[in-house]
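Asker: As input, take model.csv (CSV, C-alpha atoms):
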chain,number,residue,atom,x,y,z
A,1,MET,CA,-1.6,-45.4,-17.1
A,2,THR,CA,0.7,-42.9,-15.3
A,3,THR,CA,0.1,-41.5,-11.9
A,4,VAL,CA,1.2,-38.0,-10.9
A,5,THR,CA,2.7,-37.8,-7.4
A,6,VAL,CA,2.8,-34.6,-5.5
A,7,GLN,CA,5.6,-34.0,-3.1
A,8,THR,CA,4.4,-33.1,0.4
A,9,TYR,CA,6.1,-32.5,3.7
A,10,PRO,CA,5.0,-34.9,6.5
A,11,THR,CA,3.1,-33.3,9.3
A,12,LEU,CA,5.6,-34.5,11.9
A,13,TRP,CA,8.5,-33.1,9.9
A,14,VAL,CA,6.8,-29.7,9.5
A,15,GLU,CA,6.0,-29.6,13.2
A,16,THR,CA,9.6,-30.4,14.1
A,17,VAL,CA,11.0,-27.7,11.8
A,18,LEU,CA,8.7,-25.2,13.4
A,19,ASP,CA,9.6,-26.2,16.9
A,20,ASN,CA,13.4,-26.2,16.3
A,21,SER,CA,14.2,-24.0,13.4
A,22,THR,CA,11.8,-21.6,11.7
A,23,GLY,CA,11.5,-19.0,14.5
A,24,SER,CA,7.7,-19.3,14.8
A,25,GLU,CA,8.5,-19.4,18.5
A,26,ILE,CA,10.9,-17.3,20.5
A,27,HIS,CA,11.5,-20.1,22.8
A,28,THR,CA,10.7,-23.8,22.4
A,29,LYS,CA,9.6,-26.6,24.6
A,30,SER,CA,13.1,-28.0,24.7
A,31,GLY,CA,15.0,-24.9,25.6
A,32,GLY,CA,15.3,-21.1,25.6
A,33,SER,CA,16.0,-18.9,28.5
A,34,ASN,CA,13.3,-17.0,30.4
A,35,SER,CA,15.0,-13.7,29.8
A,36,SER,CA,15.0,-14.2,26.0
A,37,SER,CA,11.3,-15.1,26.1
A,38,ILE,CA,10.5,-12.0,28.0
A,39,PHE,CA,12.6,-9.8,25.7
A,40,GLY,CA,10.9,-11.3,22.6
A,41,LEU,CA,7.5,-10.8,24.1
A,42,LEU,CA,8.2,-7.2,24.9
A,43,TRP,CA,9.6,-6.1,21.6
A,44,THR,CA,6.9,-7.9,19.5
A,45,SER,CA,4.2,-6.4,21.8
A,46,LEU,CA,5.7,-2.9,21.4
A,47,PHE,CA,6.0,-3.3,17.7
A,48,THR,CA,2.4,-4.4,17.4
A,49,ALA,CA,1.3,-1.6,19.6
A,50,CYS,CA,3.1,0.9,17.4
A,51,ILE,CA,1.3,-0.4,14.3
A,52,ILE,CA,-2.1,-0.1,16.0
A,53,VAL,CA,-1.5,3.3,17.5
A,54,ALA,CA,0.0,4.8,14.3
A,55,ASN,CA,-2.9,3.7,12.1
A,56,CYS,CA,-5.5,4.7,14.7
A,57,LEU,CA,-4.0,8.2,14.7
A,58,THR,CA,-4.0,8.4,11.0
A,59,LEU,CA,-7.7,7.4,10.8
A,60,ALA,CA,-8.5,9.9,13.6
A,61,ALA,CA,-6.8,12.6,11.6
A,62,PHE,CA,-9.0,11.9,8.6
A,63,CYS,CA,-12.1,12.0,10.8
A,64,VAL,CA,-11.1,15.3,12.5
A,65,ASN,CA,-9.9,17.3,9.4
A,66,LYS,CA,-12.4,17.2,6.4
A,67,LYS,CA,-9.8,18.7,4.1
A,68,LEU,CA,-7.8,15.5,4.3
A,69,ARG,CA,-10.8,13.5,2.8
A,70,THR,CA,-9.7,14.0,-0.8
A,71,TYR,CA,-10.1,11.5,-3.7
A,72,ASN,CA,-6.5,10.4,-3.4
A,73,ASN,CA,-6.6,10.1,0.3
A,74,TYR,CA,-9.6,7.7,0.2
A,75,PHE,CA,-7.0,5.1,-0.9
A,76,ILE,CA,-4.8,6.0,2.1
A,77,ILE,CA,-7.8,5.6,4.4
A,78,ASN,CA,-8.4,2.1,3.0
A,79,LEU,CA,-4.8,1.2,3.6
A,80,SER,CA,-4.9,2.5,7.1
A,81,ILE,CA,-8.0,0.3,7.9
A,82,ILE,CA,-6.3,-2.8,6.5
A,83,ASP,CA,-3.0,-2.0,8.3
A,84,LEU,CA,-4.9,-1.5,11.6
A,85,LEU,CA,-6.6,-4.9,11.2
A,86,SER,CA,-3.3,-6.5,10.3
A,87,GLY,CA,-1.8,-5.1,13.5
A,88,LEU,CA,-4.7,-6.5,15.5
A,89,ARG,CA,-4.2,-10.0,14.0
A,90,LEU,CA,-0.6,-9.9,15.2
A,91,ILE,CA,-1.8,-10.2,18.8
A,92,ILE,CA,-2.6,-13.9,18.0
A,93,SER,CA,1.0,-14.3,16.6
A,94,ILE,CA,2.4,-12.9,19.8
A,95,LEU,CA,0.4,-15.4,21.9
A,96,HIS,CA,1.6,-18.2,19.6
A,97,THR,CA,5.1,-17.1,20.0
A,98,HIS,CA,5.0,-16.8,23.7
A,99,VAL,CA,3.1,-20.0,24.7
A,100,GLY,CA,4.8,-22.1,22.0
A,101,TYR,CA,1.7,-23.4,20.2
A,102,TYR,CA,-1.3,-21.9,18.4
A,103,PRO,CA,-3.7,-20.7,21.2
A,104,LEU,CA,-7.0,-21.2,19.3
A,105,ASN,CA,-8.7,-24.4,17.9
A,106,GLN,CA,-8.3,-25.7,14.4
A,107,ASP,CA,-11.5,-24.3,13.0
A,108,LEU,CA,-10.6,-20.8,14.1
A,109,CYS,CA,-7.1,-21.5,12.7
A,110,LYS,CA,-8.5,-22.2,9.3
A,111,ILE,CA,-10.8,-19.1,9.3
A,112,ILE,CA,-8.2,-16.6,10.8
A,113,SER,CA,-5.5,-17.9,8.4
A,114,GLY,CA,-7.7,-17.1,5.4
A,115,ILE,CA,-8.6,-13.6,6.9
A,116,SER,CA,-4.9,-12.8,7.6
A,117,ARG,CA,-3.7,-13.7,4.1
A,118,SER,CA,-6.6,-11.8,2.7
A,119,LEU,CA,-5.7,-8.7,4.6
A,120,LEU,CA,-2.0,-8.9,3.6
A,121,ASN,CA,-3.0,-9.4,-0.1
A,122,ALA,CA,-5.6,-6.6,0.0
A,123,SER,CA,-3.0,-4.2,1.3
A,124,ASN,CA,-0.7,-5.0,-1.6
A,125,PHE,CA,-3.5,-4.9,-4.1
A,126,VAL,CA,-4.5,-1.4,-2.9
A,127,VAL,CA,-0.9,-0.3,-3.7
A,128,VAL,CA,-1.4,-1.7,-7.2
A,129,ILE,CA,-4.7,0.3,-7.5
A,130,ILE,CA,-3.1,3.5,-6.3
A,131,CYS,CA,-0.3,3.0,-8.9
A,132,ALA,CA,-2.9,2.3,-11.6
A,133,ASP,CA,-5.0,5.4,-10.6
A,134,ARG,CA,-1.9,7.6,-10.6
A,135,HIS,CA,-0.8,6.1,-14.0
A,136,ARG,CA,-4.2,7.3,-15.4
A,137,ALA,CA,-3.8,10.7,-13.8
A,138,THR,CA,-0.4,11.1,-15.5
A,139,TYR,CA,-1.3,9.8,-19.0
A,140,ASP,CA,-4.9,11.0,-19.2
A,141,PRO,CA,-5.2,13.9,-16.7
A,142,ILE,CA,-8.4,15.5,-17.9
A,143,ASN,CA,-10.6,12.3,-18.1
A,144,HIS,CA,-9.1,11.1,-14.8
A,145,PHE,CA,-10.0,14.4,-13.1
A,146,MET,CA,-13.5,14.5,-14.6
A,147,THR,CA,-14.4,10.9,-13.7
A,148,ARG,CA,-12.9,10.7,-10.2
A,149,SER,CA,-15.4,10.8,-7.4
A,150,LYS,CA,-16.0,9.3,-3.9
A,151,ARG,CA,-18.1,6.6,-5.4
A,152,ARG,CA,-15.3,5.6,-7.8
A,153,ALA,CA,-12.7,5.6,-5.0
A,154,LEU,CA,-15.0,3.4,-2.9
A,155,PHE,CA,-15.5,1.0,-5.8
A,156,LEU,CA,-11.7,0.6,-6.4
A,157,ASN,CA,-11.0,0.1,-2.8
A,158,SER,CA,-13.7,-2.5,-2.4
A,159,LEU,CA,-12.3,-4.3,-5.4
A,160,ALA,CA,-9.0,-4.9,-3.6
A,161,TRP,CA,-10.9,-6.5,-0.7
A,162,LEU,CA,-13.2,-8.5,-2.9
A,163,VAL,CA,-10.4,-10.1,-5.0
A,164,ALA,CA,-8.2,-10.8,-2.0
A,165,PHE,CA,-10.9,-12.4,0.2
A,166,ALA,CA,-12.4,-14.4,-2.7
A,167,PHE,CA,-9.0,-16.0,-3.5
A,168,TRP,CA,-7.6,-16.6,0.0
A,169,MET,CA,-10.8,-17.8,1.7
A,170,MET,CA,-11.2,-20.4,-1.0
A,171,PHE,CA,-7.4,-21.2,-1.2
A,172,ILE,CA,-7.0,-21.6,2.6
A,173,THR,CA,-10.2,-21.8,4.6
A,174,ALA,CA,-12.6,-23.6,2.2
A,175,TRP,CA,-9.9,-26.0,1.0
A,176,GLU,CA,-9.0,-27.0,4.5
A,177,PHE,CA,-12.6,-27.4,5.7
A,178,ILE,CA,-13.5,-29.6,2.7
A,179,ASP,CA,-10.5,-31.8,3.3
A,180,ASN,CA,-10.9,-31.7,7.1
A,181,PHE,CA,-7.3,-30.8,7.3
A,182,ASP,CA,-5.2,-31.2,10.5
A,183,ASN,CA,-3.4,-28.0,11.0
A,184,GLY,CA,-1.3,-29.3,13.9
A,185,ARG,CA,-0.3,-27.5,17.0
A,186,HIS,CA,1.3,-24.6,15.1
A,187,CYS,CA,-1.7,-23.9,12.7
A,188,VAL,CA,0.3,-24.9,9.6
A,189,ASN,CA,-1.7,-24.4,6.5
A,190,LYS,CA,-2.2,-27.1,3.9
A,191,TYR,CA,-0.5,-25.2,1.1
A,192,ALA,CA,2.6,-24.9,3.2
A,193,ARG,CA,3.1,-28.6,3.1
A,194,ILE,CA,3.0,-28.8,-0.8
A,195,PRO,CA,6.1,-27.1,-2.2
A,196,GLY,CA,4.6,-26.3,-5.6
A,197,VAL,CA,1.4,-24.8,-4.1
A,198,SER,CA,3.5,-23.0,-1.5
A,199,VAL,CA,5.2,-21.1,-4.4
A,200,LEU,CA,1.8,-19.9,-5.6
A,201,ASN,CA,1.3,-18.3,-2.1
A,202,VAL,CA,4.5,-16.2,-2.4
A,203,VAL,CA,3.7,-15.2,-6.0
A,204,VAL,CA,0.2,-14.0,-5.3
A,205,ILE,CA,1.2,-12.2,-2.1
A,206,PHE,CA,4.2,-10.4,-3.3
A,207,TYR,CA,5.6,-11.1,-6.8
A,208,LEU,CA,2.5,-10.4,-8.8
A,209,PRO,CA,1.7,-7.1,-7.1
A,210,PHE,CA,5.5,-6.2,-7.2
A,211,PHE,CA,5.5,-6.8,-11.0
A,212,LEU,CA,2.5,-4.7,-11.6
A,213,ILE,CA,3.7,-1.9,-9.3
A,214,SER,CA,7.1,-1.8,-11.0
A,215,ILE,CA,5.7,-1.5,-14.5
A,216,LEU,CA,3.2,1.2,-13.5
A,217,TYR,CA,5.5,3.3,-11.5
A,218,LEU,CA,8.3,3.1,-14.1
A,219,ARG,CA,5.9,4.4,-16.7
A,220,ILE,CA,4.8,7.2,-14.3
A,221,TYR,CA,8.4,8.1,-13.7
A,222,LEU,CA,9.3,8.2,-17.4
A,223,LYS,CA,6.2,10.3,-18.2
A,224,ILE,CA,7.0,12.8,-15.4
A,225,ARG,CA,10.6,13.2,-16.7
A,226,LYS,CA,9.4,13.7,-20.2
A,227,THR,CA,6.8,16.3,-19.3
A,228,ARG,CA,9.3,18.3,-17.2
A,229,GLY,CA,10.6,19.6,-20.5
A,230,GLY,CA,7.2,21.0,-21.2
A,231,LYS,CA,7.5,23.4,-18.3
A,232,LEU,CA,10.4,25.1,-20.1
A,233,VAL,CA,8.0,26.1,-22.9
A,234,GLU,CA,6.1,28.3,-20.5
A,235,LYS,CA,9.2,30.3,-19.7
A,236,LYS,CA,10.3,30.3,-23.3
A,237,PHE,CA,7.1,32.0,-24.6
A,238,ASP,CA,6.6,34.0,-21.4
A,239,VAL,CA,2.9,33.1,-20.9
A,240,ASN,CA,1.6,35.6,-18.4
A,241,ASP,CA,-1.7,37.3,-19.5
A,242,ASN,CA,-3.5,35.4,-22.2
A,243,LEU,CA,-2.6,32.0,-23.6
A,244,SER,CA,-4.5,32.4,-26.9
A,245,THR,CA,-2.7,35.7,-27.5
A,246,GLU,CA,0.7,34.2,-27.0
A,247,VAL,CA,-0.1,31.3,-29.3
A,248,THR,CA,-1.3,33.6,-32.2
A,249,ASN,CA,1.9,35.6,-31.9
A,250,ILE,CA,4.1,32.5,-32.6
A,251,PRO,CA,4.8,31.6,-36.3
A,252,MET,CA,2.6,28.9,-37.7
A,253,ASP,CA,5.2,26.2,-38.1
A,254,THR,CA,6.6,26.9,-34.6
A,255,THR,CA,3.0,26.8,-33.1
A,256,THR,CA,2.3,23.4,-34.6
A,257,SER,CA,5.4,21.7,-33.4
A,258,SER,CA,5.5,23.4,-30.0
A,259,LEU,CA,1.9,22.6,-29.1
A,260,ASN,CA,2.1,19.0,-30.2
A,261,ALA,CA,5.4,18.4,-28.4
A,262,SER,CA,4.7,20.2,-25.2
A,263,ALA,CA,1.5,22.2,-24.6
A,264,ILE,CA,-0.8,19.2,-25.1
A,265,ASP,CA,1.5,16.9,-23.1
A,266,MET,CA,2.3,19.4,-20.4
A,267,ASP,CA,2.2,18.4,-16.8
A,268,VAL,CA,-0.6,19.5,-14.6
A,269,ALA,CA,1.6,22.4,-13.5
A,270,SER,CA,1.6,23.8,-17.0
A,271,VAL,CA,-0.3,26.9,-18.2
A,272,GLY,CA,-3.6,25.4,-19.3
A,273,GLU,CA,-5.5,25.1,-16.0
A,274,LYS,CA,-4.7,28.5,-14.5
A,275,GLN,CA,-4.7,30.5,-17.7
A,276,PHE,CA,-7.9,29.0,-19.0
A,277,ALA,CA,-9.7,29.8,-15.8
A,278,ARG,CA,-8.3,33.3,-15.8
A,279,ASP,CA,-9.3,34.0,-19.4
A,280,MET,CA,-12.9,32.8,-19.3
A,281,PRO,CA,-14.4,36.1,-17.9
A,282,ARG,CA,-12.7,38.2,-20.6
A,283,LYS,CA,-14.4,36.3,-23.5
A,284,GLY,CA,-17.9,37.2,-22.4
A,285,THR,CA,-19.7,40.5,-23.1
A,286,LYS,CA,-20.5,40.8,-19.4
A,287,GLN,CA,-18.3,40.3,-16.4
A,288,ALA,CA,-18.7,36.8,-15.2
A,289,SER,CA,-19.7,36.3,-11.6
A,290,PRO,CA,-17.6,34.1,-9.3
A,291,LYS,CA,-20.3,31.4,-9.4
A,292,THR,CA,-20.0,31.0,-13.2
A,293,ASP,CA,-16.2,30.9,-13.4
A,294,LYS,CA,-14.7,27.9,-15.2
A,295,LYS,CA,-13.8,25.2,-12.8
A,296,PRO,CA,-10.4,23.5,-13.3
A,297,VAL,CA,-10.4,20.4,-15.5
A,298,ARG,CA,-7.2,18.9,-14.0
A,299,GLU,CA,-5.5,18.3,-10.7
A,300,SER,CA,-3.6,21.2,-9.4
A,301,ALA,CA,0.2,21.0,-9.6
A,302,ALA,CA,0.4,20.8,-5.8
A,303,GLU,CA,-2.1,18.0,-5.6
A,304,MET,CA,-0.3,15.9,-8.2
A,305,ARG,CA,3.1,16.4,-6.6
A,306,LYS,CA,1.6,15.4,-3.2
A,307,ALA,CA,-0.1,12.3,-4.6
A,308,THR,CA,3.1,11.2,-6.5
A,309,ARG,CA,5.3,11.8,-3.5
A,310,THR,CA,2.9,9.8,-1.3
A,311,LEU,CA,2.9,7.0,-3.8
A,312,LEU,CA,6.7,7.0,-3.9
A,313,PHE,CA,6.9,6.5,-0.1
A,314,ILE,CA,4.2,3.8,-0.2
A,315,VAL,CA,6.0,1.8,-2.9
A,316,LEU,CA,9.4,2.1,-1.1
A,317,SER,CA,7.8,0.9,2.1
A,318,PHE,CA,6.2,-2.1,0.3
A,319,VAL,CA,9.5,-3.2,-1.4
A,320,VAL,CA,11.7,-2.7,1.7
A,321,ALA,CA,9.2,-4.6,4.0
A,322,TRP,CA,8.3,-7.5,1.7
A,323,LEU,CA,11.2,-8.2,-0.6
A,324,PRO,CA,13.5,-10.0,1.9
A,325,GLN,CA,10.8,-12.2,3.3
A,326,SER,CA,9.4,-13.0,-0.1
A,327,ILE,CA,12.8,-14.2,-1.3
A,328,ILE,CA,13.1,-16.3,1.8
A,329,GLY,CA,9.6,-17.6,1.4
A,330,LEU,CA,10.3,-18.6,-2.2
A,331,ILE,CA,13.5,-20.5,-1.2
A,332,TYR,CA,11.6,-22.1,1.7
A,333,SER,CA,8.9,-23.3,-0.6
A,334,VAL,CA,11.4,-25.2,-2.7
A,335,ASP,CA,13.4,-26.7,0.2
A,336,PRO,CA,12.9,-25.5,3.8
A,337,LEU,CA,16.3,-26.9,4.8
A,338,LEU,CA,18.0,-24.3,2.6
A,339,ILE,CA,16.7,-21.6,4.9
A,340,VAL,CA,16.6,-23.5,8.1
A,341,GLN,CA,20.3,-24.4,8.0
A,342,GLY,CA,21.6,-21.3,6.1
A,343,LEU,CA,19.9,-18.4,8.0
A,344,PRO,CA,20.1,-18.0,11.8
A,345,ARG,CA,16.9,-17.9,13.8
A,346,PRO,CA,17.3,-14.1,14.7
A,347,GLY,CA,17.6,-13.4,11.0
A,348,ARG,CA,14.4,-15.4,10.2
A,349,LEU,CA,12.6,-13.7,13.0
A,350,PHE,CA,13.7,-10.2,11.8
A,351,PHE,CA,12.6,-10.7,8.2
A,352,THR,CA,9.3,-12.3,9.2
A,353,TRP,CA,8.4,-9.3,11.4
A,354,LEU,CA,9.8,-6.9,8.8
A,355,ALA,CA,7.0,-7.9,6.4
A,356,SER,CA,4.5,-6.9,9.0
A,357,GLY,CA,6.4,-3.7,9.4
A,358,ASN,CA,4.9,-2.5,6.2
A,359,SER,CA,1.8,-1.7,8.3
A,360,LEU,CA,3.9,0.6,10.4
A,361,LEU,CA,5.9,2.2,7.5
A,362,ASN,CA,2.7,3.1,5.6
A,363,PRO,CA,1.3,5.7,8.2
A,364,ILE,CA,4.8,7.1,8.6
A,365,SER,CA,4.9,7.6,4.8
A,366,TYR,CA,1.6,9.5,4.8
A,367,ALA,CA,2.8,11.8,7.5
A,368,VAL,CA,6.2,12.5,5.8
A,369,SER,CA,4.6,13.2,2.4
A,370,GLN,CA,1.5,15.2,3.5
A,371,PRO,CA,2.1,18.4,5.5
A,372,LEU,CA,-1.6,18.8,6.2
A,373,LEU,CA,-1.7,15.4,7.8
A,374,ARG,CA,1.4,16.2,9.9
A,375,SER,CA,-0.2,19.5,11.2
A,376,THR,CA,-3.4,17.7,12.0
A,377,LEU,CA,-1.6,15.0,14.0
A,378,LYS,CA,0.3,17.7,15.9
A,379,ASP,CA,-2.9,19.6,16.7
A,380,MET,CA,-4.5,16.3,17.9
A,381,LEU,CA,-1.5,15.4,20.1
A,382,PHE,CA,-0.7,18.8,21.5
A,383,ILE,CA,-4.2,20.2,21.8
A,384,HIS,CA,-4.1,20.1,25.6
A,385,CYS,CA,-0.9,22.0,25.7
A,386,LYS,CA,-2.4,24.7,23.5
A,387,ASP,CA,-5.4,25.0,25.7
A,388,ARG,CA,-3.3,25.5,28.8
A,389,SER,CA,-1.0,28.1,27.2
A,390,PRO,CA,-1.7,31.7,28.2
A,391,LYS,CA,-3.7,33.7,25.7
A,392,LYS,CA,-2.1,36.8,24.3
For the file at hand, write its structure as structure tokens.

Answerer:
Amino acid sequence: MTTVTVQTYPTLWVETVLDNSTGSEIHTKSGGSNSSSIFGLLWTSLFTACIIVANCLTLAAFCVNKKLRTYNNYFIINLSIIDLLSGLRLIISILHTHVGYYPLNQDLCKIISGISRSLLNASNFVVVIICADRHRATYDPINHFMTRSKRRALFLNSLAWLVAFAFWMMFITAWEFIDNFDNGRHCVNKYARIPGVSVLNVVVIFYLPFFLISILYLRIYLKIRKTRGGKLVEKKFDVNDNLSTEVTNIPMDTTTSSLNASAIDMDVASVGEKQFARDMPRKGTKQASPKTDKKPVRESAAEMRKATRTLLFIVLSFVVAWLPQSIIGLIYSVDPLLIVQGLPRPGRLFFTWLASGNSLLNPISYAVSQPLLRSTLKDMLFIHCKDRSPKK
């Protein structure tokens, strides 16, 4: 009968590594100047405050301006809520860093650790859902437009929360409570002391969402490049007044090949939506009233460009913030000494906080990619200046 042994890191060994090497603290019990401690406290506090303020402003803008509450922006609102909560959880990390030990008891450590990981994973899963939704909008624009609704957006957003919390609250909180696990003075989770299980943490947090996002976004990019050629067809046939008239004037063999190759697969910016809505009143015996005009069956070209541009910035923020720390985490899961001895403490601190920086890069991405959000934020920030300015 064979027995399987699982390699684990001893509690004392992990505590020593955290005390002396990993950068969980800015200064340790054994050393560290008071000035470096104050500097570390200031920049981490400022960084956390920026995350909280940026996401609060974003959510306030959505509350103030109803035009921002579109289907696509419901995903952005969800991300802002998650990022705001992630910023608030960093307050405990700042206290941990400053005092040199976890400031709460072990029961709270188990619960908050599960919530923290759930929030991080929910944020990454929302990015996956945004990519999947944009993928459907690119490959099946009509059905996507006809089925999208506030209820659907709420369901998809809730799905990210449900999956993330179901996994991490079981993987961390429930597991540690059942085993009555001793988290130590630094709130070290049980999975972190088992190298094989620790790899699973990194895979679920980053590598699985990264793989799905890469595949989906690559397909979106290739489809957009392919359908750009369809826009040339509009210029080629000079579609200005009536789409059906233009089609009948084209020879039969050209019509078949052109429509199959381009008109059916055209981007949202193609002729279909605008021309179809324009032609509907002409087909009836009576002039159609504005109330009976045909509604668009697709996203507008401007809406699709804005959504795709926003997705691009979100994906870039996700990769820039998470990739370095995920590589470090994977190596650390195999053998912590490879990171401890090979990467200086300032570097480890920088990449650890960079992952949290995703919560700050996200609201910046929204403002950069959405002009209406920028103008709303400007109106909110400078409203007092406008009120005091002399009226013409």

Asker: Here is a test: counting all atoms listed in the file, which residue of A:Asn362, A:Phe145, A:Lys378, A:Ala301 is nearest to Ile77 in chain A?

Answerer: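 Of A:Asn362, A:Phe145, A:Lys378, A:Ala301, the one nearest Ile77 in chain A is A:Asn362, counting all atoms listed in the file.
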
Asker: Between CA of Ile383 in chain A and CA of Ile81 in chain A, what is the spacing in Å?

Answerer: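 Rounded to one decimal, the two atoms are 24.6 Å apart.
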
Asker: Which residue out of A:Met304, A:Ile178, A:Val334, A:Ile112 has the minimum interatomic distance to Ser369 in chain A when only C-alpha atoms are used?

Answerer: A:Met304

Asker: Calculated over all atoms listed in the file, which of the candidates A:Val297, A:Leu349, A:Cys56, A:Ile92 has the smallest distance to Ile328 in chain A?

Answerer: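 The shortest atom-to-atom distance to Ile328 in chain A comes from A:Leu349.
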
Asker: Could you give me, as a list in words, the residues that have an atom at most 10 Å away from the point (8.1, -6.4, -6.3) in the coordinates of the file, using all atoms listed in the file?

Answerer: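 The residues near that point, listed by chain and number, are Val203, Ile205, Phe206, Tyr207, Leu208, Pro209, Phe210, Phe211, Leu212, Ile213, Ser214, Ile215, Val315, Phe318, Val319, Val320, Trp322, Leu323 and Ser326 of chain A.
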
Asker: If I take CA of Ser123 in chain A and CA of Asn157 in chain A, how far is one from the other in Å, to one decimal?

Answerer: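 Interatomic distance here is 10.0 Å.
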
Asker: Taking into account all atoms listed in the file, which residue in the set A:Tyr366, A:Trp353, A:Tyr217, A:Phe155 is nearest to Thr44 in chain A?

Answerer: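 Closest residue, counting all atoms listed in the file: A:Trp353.
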
Asker: Taking all atoms listed in the file into account, which of A:His186, A:Leu104, A:Ser113, A:Pro363 comes nearest Cys50 in chain A?

Answerer: A:Pro363

Asker: Could you tell me which of A:Ser158, A:Ser333, A:Ser365, A:Thr58 comes closest to Ala192 in chain A if we count all atoms listed in the file?

Answerer: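 Of all the options, A:Ser333 lies closest to Ala192 in chain A.
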
Asker: Quick one: pull the distance between CA of Phe177 in chain A and CA of Leu337 in chain A, Å, one decimal.

Answerer: 28.9 Å
